[in-house]
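Dropping input14.csv in here (CSV, C-alpha atoms):
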chain,number,residue,atom,x,y,z
Q,1,MET,CA,-66.0,7.7,-28.0
Q,2,PRO,CA,-62.7,5.9,-28.9
Q,3,ASP,CA,-62.0,2.5,-27.7
Q,4,PHE,CA,-58.8,2.4,-25.6
Q,5,ASP,CA,-58.8,-1.3,-24.8
Q,6,GLY,CA,-56.6,-2.2,-27.8
Q,7,PRO,CA,-52.9,-2.6,-28.1
Q,8,SER,CA,-52.3,1.1,-28.9
Q,9,ALA,CA,-54.3,2.3,-25.9
Q,10,PRO,CA,-52.4,4.7,-23.7
Q,11,SER,CA,-51.5,3.3,-20.3
Q,12,ALA,CA,-53.5,4.9,-17.6
Q,13,VAL,CA,-51.3,3.6,-14.8
Q,14,HIS,CA,-47.6,4.1,-14.8
Q,15,ALA,CA,-45.3,1.7,-13.0
Q,16,PRO,CA,-43.8,3.4,-10.0
Q,17,THR,CA,-40.2,4.4,-10.4
Q,18,VAL,CA,-38.1,2.3,-8.0
Q,19,HIS,CA,-35.0,3.8,-6.6
Q,20,ALA,CA,-32.4,1.8,-4.9
Q,21,PRO,CA,-31.7,3.1,-1.4
Q,22,THR,CA,-28.8,5.5,-1.4
Q,23,VAL,CA,-26.0,4.6,1.0
Q,24,HIS,CA,-24.1,7.7,2.0
Q,25,ALA,CA,-20.8,7.7,3.8
Q,26,PRO,CA,-21.0,9.4,7.1
Q,27,ALA,CA,-20.7,13.2,6.7
Q,28,TRP,CA,-17.5,13.4,8.9
Q,29,ALA,CA,-14.6,15.8,8.8
Q,30,LEU,CA,-11.5,16.6,10.7
Q,31,ARG,CA,-10.9,20.2,11.8
Q,32,PRO,CA,-7.9,21.6,13.7
Q,33,ALA,CA,-8.5,21.4,17.4
Q,34,GLY,CA,-8.4,24.6,19.6
Q,35,ALA,CA,-7.8,25.2,23.2
Q,36,ASP,CA,-11.6,25.5,23.6
Q,37,ASP,CA,-12.0,21.8,22.6
Q,38,ILE,CA,-10.1,20.5,25.6
Q,39,GLU,CA,-13.0,20.1,28.0
Q,40,GLN,CA,-15.2,18.4,25.5
Q,41,ALA,CA,-12.3,16.0,24.6
Q,42,ALA,CA,-11.7,15.4,28.4
Q,43,GLU,CA,-15.4,14.5,28.9
Q,44,LEU,CA,-15.4,12.2,25.9
Q,45,ARG,CA,-12.2,10.4,27.1
Q,46,ALA,CA,-13.9,9.8,30.5
Q,47,VAL,CA,-16.9,8.2,28.8
Q,48,VAL,CA,-14.9,6.1,26.2
Q,49,MET,CA,-12.3,4.8,28.6
Q,50,ARG,CA,-14.5,4.1,31.6
Q,51,ALA,CA,-15.4,0.5,31.0
Q,52,ASP,CA,-11.8,-0.6,30.2
Q,53,LEU,CA,-10.3,1.4,33.1
Q,54,GLU,CA,-12.9,0.0,35.5
Q,55,ARG,CA,-12.1,-3.6,34.2
Q,56,LEU,CA,-8.5,-2.9,35.1
Q,57,GLY,CA,-9.4,-1.4,38.5
Q,58,ARG,CA,-8.0,2.0,37.5
Q,59,TYR,CA,-10.9,4.3,36.8
Q,60,ASP,CA,-10.8,7.7,38.5
Q,61,GLY,CA,-13.0,10.2,36.7
Q,62,ASP,CA,-11.0,13.3,37.8
Q,63,ARG,CA,-7.7,11.7,36.9
Q,64,VAL,CA,-8.8,10.4,33.5
Q,65,ARG,CA,-10.0,13.9,32.5
Q,66,GLN,CA,-6.9,15.6,34.0
Q,67,ARG,CA,-4.5,13.3,32.0
Q,68,LEU,CA,-6.0,14.6,28.8
Q,69,ARG,CA,-5.9,18.2,29.9
Q,70,ASN,CA,-2.2,17.8,30.8
Q,71,SER,CA,-1.1,16.3,27.5
Q,72,PHE,CA,-3.6,17.7,25.0
Q,73,SER,CA,-1.7,19.4,22.1
Q,74,PRO,CA,-4.1,21.5,20.1
Q,75,GLY,CA,-1.4,22.1,17.4
Q,76,HIS,CA,-1.2,18.4,16.6
Q,77,SER,CA,-4.8,17.5,17.4
Q,78,SER,CA,-8.0,17.3,15.3
Q,79,VAL,CA,-11.6,17.3,16.2
Q,80,ILE,CA,-13.8,14.7,14.5
Q,81,THR,CA,-17.1,16.2,13.4
Q,82,HIS,CA,-20.2,14.6,12.0
Q,83,ASP,CA,-22.5,17.0,10.2
Q,84,GLY,CA,-20.6,19.8,12.0
Q,85,ALA,CA,-21.0,18.4,15.5
Q,86,PHE,CA,-18.1,17.3,17.8
Q,87,ILE,CA,-18.1,13.5,18.0
Q,88,GLY,CA,-14.4,12.8,18.7
Q,89,CYS,CA,-10.8,13.8,18.7
Q,90,VAL,CA,-7.4,12.5,17.8
Q,91,THR,CA,-3.8,13.6,18.1
Q,92,LEU,CA,-1.0,12.7,15.7
Q,93,ARG,CA,2.2,14.3,16.9
Q,94,PRO,CA,6.0,13.9,16.6
Q,95,ALA,CA,7.2,11.2,18.9
Q,96,GLY,CA,10.3,11.8,21.0
Q,97,THR,CA,11.7,8.5,19.6
Q,98,GLY,CA,11.2,9.5,16.0
Q,99,GLY,CA,8.1,8.9,13.9
Q,100,LEU,CA,4.7,9.9,15.0
Q,101,LEU,CA,2.6,9.2,18.1
Q,102,LEU,CA,-1.2,8.5,17.7
Q,103,GLU,CA,-3.0,9.4,20.9
Q,104,HIS,CA,-6.3,10.7,22.3
Q,105,PHE,CA,-8.3,8.9,19.6
Q,106,TYR,CA,-11.8,8.9,21.1
Q,107,LEU,CA,-15.0,8.6,19.2
Q,108,ASP,CA,-18.5,9.1,20.8
Q,109,PRO,CA,-19.9,5.6,21.5
Q,110,LEU,CA,-23.0,6.5,19.4
Q,111,HIS,CA,-20.7,6.7,16.3
Q,112,GLN,CA,-18.6,3.6,17.0
Q,113,GLY,CA,-19.0,0.4,15.1
Q,114,ARG,CA,-19.9,2.1,11.8
Q,115,GLY,CA,-16.5,2.3,10.1
Q,116,LEU,CA,-16.0,6.0,11.1
Q,117,GLY,CA,-13.0,5.3,13.3
Q,118,ALA,CA,-11.4,3.2,10.6
Q,119,ALA,CA,-12.0,6.0,8.0
Q,120,VAL,CA,-10.4,8.5,10.3
Q,121,LEU,CA,-7.5,6.2,11.1
Q,122,ARG,CA,-6.9,5.5,7.3
Q,123,THR,CA,-6.8,9.3,6.7
Q,124,LEU,CA,-4.2,9.8,9.4
Q,125,LEU,CA,-2.1,6.8,8.4
Q,126,ALA,CA,-2.1,8.0,4.8
Q,127,ARG,CA,-0.5,11.3,6.0
Q,128,ALA,CA,2.1,9.3,7.9
Q,129,ASP,CA,2.8,7.1,5.0
Q,130,ALA,CA,3.2,10.1,2.7
Q,131,ALA,CA,5.8,11.5,5.1
Q,132,GLY,CA,7.5,8.0,5.4
Q,133,GLU,CA,6.9,8.1,9.2
Q,134,PRO,CA,6.2,5.1,11.5
Q,135,VAL,CA,3.3,5.5,13.9
Q,136,ARG,CA,3.3,4.4,17.5
Q,137,LEU,CA,0.5,4.2,20.0
Q,138,GLN,CA,-0.5,2.6,23.3
Q,139,VAL,CA,-3.9,1.0,24.0
Q,140,LEU,CA,-5.2,-0.5,27.3
Q,141,GLN,CA,-4.9,-4.2,27.8
Q,142,GLY,CA,-8.1,-5.9,26.6
Q,143,SER,CA,-9.4,-2.9,24.7
Q,144,ALA,CA,-11.5,-3.6,21.6
Q,145,ALA,CA,-9.6,-0.8,19.9
Q,146,ARG,CA,-6.6,-3.0,19.6
Q,147,ARG,CA,-8.3,-5.0,16.9
Q,148,LEU,CA,-8.9,-1.8,14.9
Q,149,TYR,CA,-5.2,-1.0,15.1
Q,150,GLU,CA,-4.1,-4.5,14.2
Q,151,ARG,CA,-6.4,-4.4,11.1
Q,152,HIS,CA,-4.5,-1.3,10.0
Q,153,GLY,CA,-1.0,-2.8,10.3
Q,154,PHE,CA,-0.1,-2.1,13.9
Q,155,VAL,CA,2.0,-4.8,15.6
Q,156,LEU,CA,2.9,-5.4,19.2
Q,157,GLU,CA,6.1,-3.6,20.2
Q,158,SER,CA,5.9,-4.2,24.0
Q,159,GLU,CA,3.3,-4.5,26.8
Q,160,ASP,CA,2.9,-4.3,30.5
Q,161,PRO,CA,0.0,-5.3,32.8
Q,162,VAL,CA,-1.9,-2.1,31.8
Q,163,ASP,CA,-0.8,-1.0,28.4
Q,164,VAL,CA,0.0,-2.5,25.0
Q,165,PHE,CA,2.5,-0.5,22.9
Q,166,MET,CA,2.1,-0.8,19.2
Q,167,LEU,CA,4.0,0.2,16.0
Q,168,ARG,CA,3.0,0.6,12.4
Q,169,PRO,CA,5.9,1.0,10.0
Q,170,PRO,CA,5.2,3.3,7.1
Q,171,VAL,CA,3.7,1.8,4.0
Q,172,PRO,CA,5.4,3.0,0.8
Q,173,THR,CA,3.0,5.1,-1.3
Q,174,ALA,CA,2.7,4.7,-5.0
Q,175,GLY,CA,4.1,7.6,-7.0

Translate the structure described by the file into C-alpha cells.
Amino acid sequence: MPDFDGPSAPSAVHAPTVHAPTVHAPAWALRPAGADDIEQAAELRAVVMRADLERLGRYDGDRVRQRLRNSFSPGHSSVITHDGAFIGCVTLRPAGTGGLLLEHFYLDPLHQGRGLGAAVLRTLLARADAAGEPVRLQVLQGSAARRLYERHGFVLESEDPVDVFMLRPPVPTAG
C-alpha cells in the first residue's frame, strides 16, 4: 500500500470555502399608484403620523385618514414596494407656485431607518433635478423626517407652530 504521508500525498481534507456575507440593497421599487391604493395609504399615514400629531395635540384618526383621501393624486403618486408588497407611498406633483411639491411620503415603520426612505428620496430628487425643478414640502414641527430632508438639501423656507415649510433648489445635473 502506498505511503501518503509524504509531501506529495493528496490532501484528504479540503479547507472550507469562505464566502463573505453578501449585502443586498433592499428589493424596493416604485410603481404608479392607483385609486385602489388610497385606503392603504390612508392607513399608513395614520400609523406614521400618529406620534408626531399626538405630541402636537392634533391627532384625530378619522381626520388624518380623510386628509389623505381628499388630497391623494394617483396620477402623481407612487407606491413604494418591497419584494412586491406595499410598504409606502409618495407624491411628487406640480406645485401651484411653480416647481414640485413632495407630499404623502410615508414608509412603514418596519422599513424605516434602513436607508430606504433616503433611496426613494434620491430617486425623486434626481427626477426633479433632471427637469430643473425646485421641490417644496412641509413637515410637522419636531418630526425626525426633517433631518432626512435637510441631509438631501432642503432648507427652511418658513414655519408656523405646527408645520415647517422647506425648499430644495434644483441641483444641476452633469451632461

What separates CA of Val79 in chain Q and CA of Arg151 in chain Q is a distance of 22.9 Å

In terms of all atoms listed in the file, the residue from Q:Asp129, Q:Glu43, Q:Glu157, Q:Asp36 at minimal distance from Leu107 in chain Q is Q:Glu43

Original post:
Which one of Q:Leu140, Q:Ala41, Q:Val164, Q:Ala145 sits closest to Arg55 in chain Q if you count only C-alpha atoms?
Top reply: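 Going through Q:Leu140, Q:Ala41, Q:Val164, Q:Ala145 one by one, the smallest distance to Arg55 in chain Q is for Q:Leu140.
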
For this session: Please identify all polymer residues lying at most 12 Å from the point (-2.6, 18.8, 27.4) (file coordinates), using all atoms listed in the file, and present the result as a PyMOL selection string.
Result: chain Q and resi 33-39+41-42+65-77+91+103-104

List as a ChimeraX atom specification the protein and nucleic acid residues near Leu125 in chain Q, meaning an atom at most 12 Å away when only C-alpha atoms are counted, but skip any in the same chain fewer than 6 places from it. /Q:91-92,99-102,118-119,131-136,149,152-154,167-173

Store the residues picked out above in a file with C-alpha atoms, as a PDB file, in the coordinates of the input.
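Result file result-v9.pdb:
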ATOM      1  CA  THR Q  91      -3.800  13.600  18.100  1.00  0.00           C
ATOM      2  CA  LEU Q  92      -1.000  12.700  15.700  1.00  0.00           C
ATOM      3  CA  GLY Q  99       8.100   8.900  13.900  1.00  0.00           C
ATOM      4  CA  LEU Q 100       4.700   9.900  15.000  1.00  0.00           C
ATOM      5  CA  LEU Q 101       2.600   9.200  18.100  1.00  0.00           C
ATOM      6  CA  LEU Q 102      -1.200   8.500  17.700  1.00  0.00           C
ATOM      7  CA  ALA Q 118     -11.400   3.200  10.600  1.00  0.00           C
ATOM      8  CA  ALA Q 119     -12.000   6.000   8.000  1.00  0.00           C
ATOM      9  CA  ALA Q 131       5.800  11.500   5.100  1.00  0.00           C
ATOM     10  CA  GLY Q 132       7.500   8.000   5.400  1.00  0.00           C
ATOM     11  CA  GLU Q 133       6.900   8.100   9.200  1.00  0.00           C
ATOM     12  CA  PRO Q 134       6.200   5.100  11.500  1.00  0.00           C
ATOM     13  CA  VAL Q 135       3.300   5.500  13.900  1.00  0.00           C
ATOM     14  CA  ARG Q 136       3.300   4.400  17.500  1.00  0.00           C
ATOM     15  CA  TYR Q 149      -5.200  -1.000  15.100  1.00  0.00           C
ATOM     16  CA  HIS Q 152      -4.500  -1.300  10.000  1.00  0.00           C
ATOM     17  CA  GLY Q 153      -1.000  -2.800  10.300  1.00  0.00           C
ATOM     18  CA  PHE Q 154      -0.100  -2.100  13.900  1.00  0.00           C
ATOM     19  CA  LEU Q 167       4.000   0.200  16.000  1.00  0.00           C
ATOM     20  CA  ARG Q 168       3.000   0.600  12.400  1.00  0.00           C
ATOM     21  CA  PRO Q 169       5.900   1.000  10.000  1.00  0.00           C
ATOM     22  CA  PRO Q 170       5.200   3.300   7.100  1.00  0.00           C
ATOM     23  CA  VAL Q 171       3.700   1.800   4.000  1.00  0.00           C
ATOM     24  CA  PRO Q 172       5.400   3.000   0.800  1.00  0.00           C
ATOM     25  CA  THR Q 173       3.000   5.100  -1.300  1.00  0.00           C
TER      26      THR Q 173
END

Distance cut-off 7 Å, centre (-2.5, -4.8, 23.3) in file coordinates, counting all atoms listed in the file: which residues qualify? Return them as a PyMOL selection string.
chain Q and resi 139-142+146+156+159+163-165

Atoms to include: C-alpha atoms. Write the selected residues as a PDB file, in the coordinates of the input.
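Once written, result.pdb looks like this:
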ATOM      1  CA  VAL Q 139      -3.900   1.000  24.000  1.00  0.00           C
ATOM      2  CA  LEU Q 140      -5.200  -0.500  27.300  1.00  0.00           C
ATOM      3  CA  GLN Q 141      -4.900  -4.200  27.800  1.00  0.00           C
ATOM      4  CA  GLY Q 142      -8.100  -5.900  26.600  1.00  0.00           C
ATOM      5  CA  ARG Q 146      -6.600  -3.000  19.600  1.00  0.00           C
ATOM      6  CA  LEU Q 156       2.900  -5.400  19.200  1.00  0.00           C
ATOM      7  CA  GLU Q 159       3.300  -4.500  26.800  1.00  0.00           C
ATOM      8  CA  ASP Q 163      -0.800  -1.000  28.400  1.00  0.00           C
ATOM      9  CA  VAL Q 164       0.000  -2.500  25.000  1.00  0.00           C
ATOM     10  CA  PHE Q 165       2.500  -0.500  22.900  1.00  0.00           C
TER      11      PHE Q 165
END

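Here CA of Gly115 in chain Q is placed at a distance of 12.2 Å from CA of Ala27 in chain Q.
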
Residue among Q:Gly57, Q:Gly88, Q:Pro32, Q:Pro94 lying closest to Leu137 in chain Q, counting all atoms listed in the file: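 Looking at the shortest contact to Leu137 in chain Q, the residue is Q:Pro94.
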
Between CA of Leu148 in chain Q and CA of Arg122 in chain Q lies a distance of 10.7 Å

Shortest contact to Gly84 in chain Q, candidates Q:Arg31, Q:Thr97, Q:Val48, Q:Ser143, atoms counted all atoms listed in the file, goes to Q:Arg31
